[in-house]
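Visitor: You'll find coords-v5.cif just under this line, and it carries mmCIF, C-alpha atoms, pLDDT in the B column; chains and numbers go by the auth columns.
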```cif
data_protein
loop_
_atom_site.group_PDB
_atom_site.id
_atom_site.type_symbol
_atom_site.label_atom_id
_atom_site.label_comp_id
_atom_site.label_asym_id
_atom_site.label_seq_id
_atom_site.Cartn_x
_atom_site.Cartn_y
_atom_site.Cartn_z
_atom_site.B_iso_or_equiv
_atom_site.auth_seq_id
_atom_site.auth_asym_id
ATOM 1 C CA MET A 1 0.000 0.000 0.000 62.00 218 K
ATOM 2 C CA ILE A 2 1.264 3.444 -0.900 73.00 219 K
ATOM 3 C CA ASN A 3 2.067 6.039 1.738 84.00 220 K
ATOM 4 C CA ILE A 4 0.823 9.131 -0.085 88.00 221 K
ATOM 5 C CA GLY A 5 2.547 11.499 2.339 90.00 222 K
ATOM 6 C CA ALA A 6 5.919 9.855 1.759 88.00 223 K
ATOM 7 C CA LYS A 7 5.303 9.913 -1.996 90.00 224 K
ATOM 8 C CA ILE A 8 4.508 13.642 -1.943 93.00 225 K
ATOM 9 C CA LYS A 9 7.577 14.356 0.164 93.00 226 K
ATOM 10 C CA GLN A 10 9.796 12.359 -2.198 90.00 227 K
ATOM 11 C CA LEU A 11 8.356 14.061 -5.288 92.00 228 K
ATOM 12 C CA ARG A 12 8.898 17.438 -3.658 92.00 229 K
ATOM 13 C CA LYS A 13 12.508 16.651 -2.765 91.00 230 K
ATOM 14 C CA ASP A 14 13.210 15.130 -6.195 88.00 231 K
ATOM 15 C CA ARG A 15 12.085 18.387 -7.762 89.00 232 K
ATOM 16 C CA GLY A 16 14.060 20.535 -5.330 90.00 233 K
ATOM 17 C CA ILE A 17 11.099 22.486 -3.990 92.00 234 K
ATOM 18 C CA THR A 18 10.261 23.389 -0.424 95.00 235 K
ATOM 19 C CA GLN A 19 7.030 22.781 1.434 96.00 236 K
ATOM 20 C CA GLU A 20 6.392 26.501 1.118 97.00 237 K
ATOM 21 C CA GLU A 21 6.729 26.363 -2.670 96.00 238 K
ATOM 22 C CA LEU A 22 4.450 23.324 -2.881 97.00 239 K
ATOM 23 C CA ALA A 23 1.927 25.061 -0.650 96.00 240 K
ATOM 24 C CA GLU A 24 1.957 28.128 -2.873 96.00 241 K
ATOM 25 C CA ARG A 25 1.658 26.101 -6.086 95.00 242 K
ATOM 26 C CA SER A 26 -1.193 23.997 -4.699 96.00 243 K
ATOM 27 C CA SER A 27 -3.029 26.776 -2.817 96.00 244 K
ATOM 28 C CA LEU A 28 -2.733 24.751 0.385 96.00 245 K
ATOM 29 C CA SER A 29 -1.163 25.825 3.662 95.00 246 K
ATOM 30 C CA VAL A 30 2.399 24.920 4.582 96.00 247 K
ATOM 31 C CA ASN A 31 1.036 23.396 7.784 95.00 248 K
ATOM 32 C CA TYR A 32 -1.287 21.125 5.799 94.00 249 K
ATOM 33 C CA ILE A 33 1.523 20.049 3.425 95.00 250 K
ATOM 34 C CA SER A 34 3.651 19.219 6.466 94.00 251 K
ATOM 35 C CA ARG A 35 0.829 17.208 8.041 93.00 252 K
ATOM 36 C CA ILE A 36 0.269 15.280 4.802 93.00 253 K
ATOM 37 C CA GLU A 37 3.963 14.426 4.526 92.00 254 K
ATOM 38 C CA ASN A 38 4.447 13.445 8.150 90.00 255 K
ATOM 39 C CA LYS A 39 1.233 11.676 9.172 85.00 256 K
ATOM 40 C CA ASN A 40 0.080 8.349 7.788 69.00 257 K
ATOM 41 C CA ASP A 41 -3.475 8.581 9.053 63.00 258 K
ATOM 42 C CA LEU A 42 -4.780 11.590 7.117 70.00 259 K
ATOM 43 C CA ASN A 43 -7.725 11.110 4.791 82.00 260 K
ATOM 44 C CA ILE A 44 -6.824 13.293 1.846 87.00 261 K
ATOM 45 C CA SER A 45 -9.679 14.429 -0.373 88.00 262 K
ATOM 46 C CA ILE A 46 -9.587 14.025 -4.124 90.00 263 K
ATOM 47 C CA SER A 47 -9.666 17.821 -4.510 91.00 264 K
ATOM 48 C CA VAL A 48 -6.468 18.095 -2.461 93.00 265 K
ATOM 49 C CA LEU A 49 -4.848 15.317 -4.517 92.00 266 K
ATOM 50 C CA ILE A 50 -5.785 17.198 -7.685 93.00 267 K
ATOM 51 C CA LYS A 51 -4.184 20.392 -6.374 95.00 268 K
ATOM 52 C CA ILE A 52 -0.999 18.562 -5.422 95.00 269 K
ATOM 53 C CA ALA A 53 -0.813 16.628 -8.705 94.00 270 K
ATOM 54 C CA ASP A 54 -1.318 19.881 -10.622 93.00 271 K
ATOM 55 C CA ALA A 55 1.419 21.544 -8.560 95.00 272 K
ATOM 56 C CA PHE A 56 3.800 18.743 -9.602 93.00 273 K
ATOM 57 C CA ASN A 57 2.460 18.838 -13.172 90.00 274 K
ATOM 58 C CA ILE A 58 1.602 15.126 -13.037 91.00 275 K
ATOM 59 C CA SER A 59 -1.600 13.123 -13.196 88.00 276 K
ATOM 60 C CA ILE A 60 -3.398 11.940 -10.088 88.00 277 K
ATOM 61 C CA ALA A 61 -2.660 8.397 -11.266 86.00 278 K
ATOM 62 C CA ASP A 62 1.061 9.147 -11.174 86.00 279 K
ATOM 63 C CA LEU A 63 0.676 10.755 -7.773 88.00 280 K
ATOM 64 C CA VAL A 64 -0.995 7.729 -6.200 85.00 281 K
ATOM 65 C CA LYS A 65 0.859 5.054 -8.169 81.00 282 K
ATOM 66 C CA ASP A 66 3.048 2.801 -6.030 73.00 283 K
ATOM 67 C CA THR A 67 6.530 3.620 -7.286 61.00 284 K
ATOM 68 C CA ASN A 68 7.834 0.362 -5.864 57.00 285 K
ATOM 69 C CA GLU A 69 6.038 -1.346 -8.747 47.00 286 K
ATOM 70 C CA VAL A 70 7.615 0.873 -11.395 43.00 287 K
ATOM 71 C CA LYS A 71 11.223 1.730 -12.131 52.00 288 K
ATOM 72 C CA HIS A 72 11.799 5.081 -10.478 58.00 289 K
ATOM 73 C CA ASN A 73 14.434 7.508 -11.693 68.00 290 K
ATOM 74 C CA SER A 74 14.265 10.725 -9.732 72.00 291 K
ATOM 75 C CA ASP A 75 16.878 12.438 -11.928 74.00 292 K
ATOM 76 C CA ILE A 76 14.705 11.998 -15.012 75.00 293 K
ATOM 77 C CA GLU A 77 11.598 13.089 -13.126 76.00 294 K
ATOM 78 C CA ALA A 78 13.388 16.195 -11.852 78.00 295 K
ATOM 79 C CA LEU A 79 14.578 17.027 -15.379 79.00 296 K
ATOM 80 C CA VAL A 80 11.077 16.629 -16.829 79.00 297 K
ATOM 81 C CA PHE A 81 9.640 18.757 -14.051 81.00 298 K
ATOM 82 C CA ARG A 82 12.152 21.535 -14.609 83.00 299 K
ATOM 83 C CA LEU A 83 11.555 21.462 -18.373 83.00 300 K
ATOM 84 C CA SER A 84 7.820 21.718 -17.737 82.00 301 K
ATOM 85 C CA GLN A 85 8.399 24.973 -15.856 85.00 302 K
ATOM 86 C CA LEU A 86 9.977 26.652 -18.905 86.00 303 K
ATOM 87 C CA PRO A 87 8.089 28.375 -21.714 88.00 304 K
ATOM 88 C CA ASP A 88 7.091 25.818 -24.366 84.00 305 K
ATOM 89 C CA GLN A 89 9.497 27.088 -27.024 88.00 306 K
ATOM 90 C CA ARG A 90 12.473 27.058 -24.650 89.00 307 K
ATOM 91 C CA ALA A 91 11.592 23.603 -23.296 83.00 308 K
ATOM 92 C CA SER A 92 11.371 22.282 -26.858 85.00 309 K
ATOM 93 C CA GLU A 93 14.761 23.747 -27.758 88.00 310 K
ATOM 94 C CA ILE A 94 16.413 22.218 -24.705 88.00 311 K
ATOM 95 C CA SER A 95 14.695 18.870 -25.293 84.00 312 K
ATOM 96 C CA GLN A 96 16.028 18.784 -28.851 85.00 313 K
ATOM 97 C CA LEU A 97 19.548 19.492 -27.552 88.00 314 K
ATOM 98 C CA PHE A 98 19.248 16.591 -25.104 83.00 315 K
ATOM 99 C CA ILE A 99 18.027 14.279 -27.862 82.00 316 K
ATOM 100 C CA LYS A 100 20.965 15.211 -30.113 85.00 317 K
ATOM 101 C CA PHE A 101 23.400 14.743 -27.240 85.00 318 K
ATOM 102 C CA ILE A 102 21.983 11.330 -26.320 81.00 319 K
ATOM 103 C CA ASP A 103 22.026 10.226 -29.952 81.00 320 K
ATOM 104 C CA GLN A 104 25.740 11.091 -30.104 86.00 321 K
ATOM 105 C CA LEU A 105 26.403 8.880 -27.087 81.00 322 K
ATOM 106 C CA ARG A 106 25.064 5.780 -28.842 73.00 323 K
#
```
Go ahead and express the file in the form of structure tokens.
Guide:
Amino acid sequence: MINIGAKIKQLRKDRGITQEELAERSSLSVNYISRIENKNDLNISISVLIKIADAFNISIADLVKDTNEVKHNSDIEALVFRLSQLPDQRASEISQLFIKFIDQLR
């Protein structure tokens, strides 16, 4: 069974954001983010999960998915998250550079 608080904390750390930044992005309080991350017995509403998933720019399915079942690479997730924060044109340019670089490594 997934510990949603631990998952949120790990996603937040993988992306290099603070509880304050997550609170701001999700329109939730820092205190509530802290309680979610540190208590296993909270019943979190779907509306809160939506806000948190949106703040991470992921689907709710990805938020609640048990990462123990899926290969987890936090470096790739952090890179995707950071690219998603850039303007579309800039993110596309950087993505194309990465693709060219990776192709040269083969």
Visitor: Tell me, as an MDAnalysis selection string, which residues lie within 8 Å of region 229-234 of chain K, counting all atoms listed in the file; anything in the same chain fewer than 5 positions away does not count.
Guide: chainID K and resid 239 273 291:292 294:295 298:299
Visitor: Can I get the selection written as a PDB file, in the frame of the given file, with C-alpha atoms?
Guide:
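File selection.pdb, as written:
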```pdb
ATOM      1  CA  LEU K 239       4.450  23.324  -2.881  1.00 97.00           C
ATOM      2  CA  PHE K 273       3.800  18.743  -9.602  1.00 93.00           C
ATOM      3  CA  SER K 291      14.265  10.725  -9.732  1.00 72.00           C
ATOM      4  CA  ASP K 292      16.878  12.438 -11.928  1.00 74.00           C
ATOM      5  CA  GLU K 294      11.598  13.089 -13.126  1.00 76.00           C
ATOM      6  CA  ALA K 295      13.388  16.195 -11.852  1.00 78.00           C
ATOM      7  CA  PHE K 298       9.640  18.757 -14.051  1.00 81.00           C
ATOM      8  CA  ARG K 299      12.152  21.535 -14.609  1.00 83.00           C
TER       9      ARG K 299
END
```
Visitor: Work out how far CA of Leu303 (chain K) is from CA of Ile267 (chain K), in Å to one decimal.
Guide: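 Computing the Euclidean distance for CA of Ile267 (chain K) and CA of Leu303 (chain K) yields 21.5 Å.
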Visitor: Excluding same-chain residues fewer than 2 positions from Leu280 (chain K), what lies within 12 Å of it counting all atoms listed in the file, as a PyMOL selection string?
Guide: chain K and resi 219-229+263+265-278+282-284
Visitor: Could you please determine the separation between CA of Val281 (chain K) and CA of Leu300 (chain K) in Å, to one decimal place?
Guide: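 Between CA of Val281 (chain K) and CA of Leu300 (chain K) the gap is 22.2 Å.
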Visitor: As an exercise, work out the distance from CA of Ser301 (chain K) to CA of Ser264 (chain K) in Å and give it to one decimal place.
Guide: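 So the two atoms, CA of Ser301 (chain K) and CA of Ser264 (chain K), lie 22.3 Å apart.
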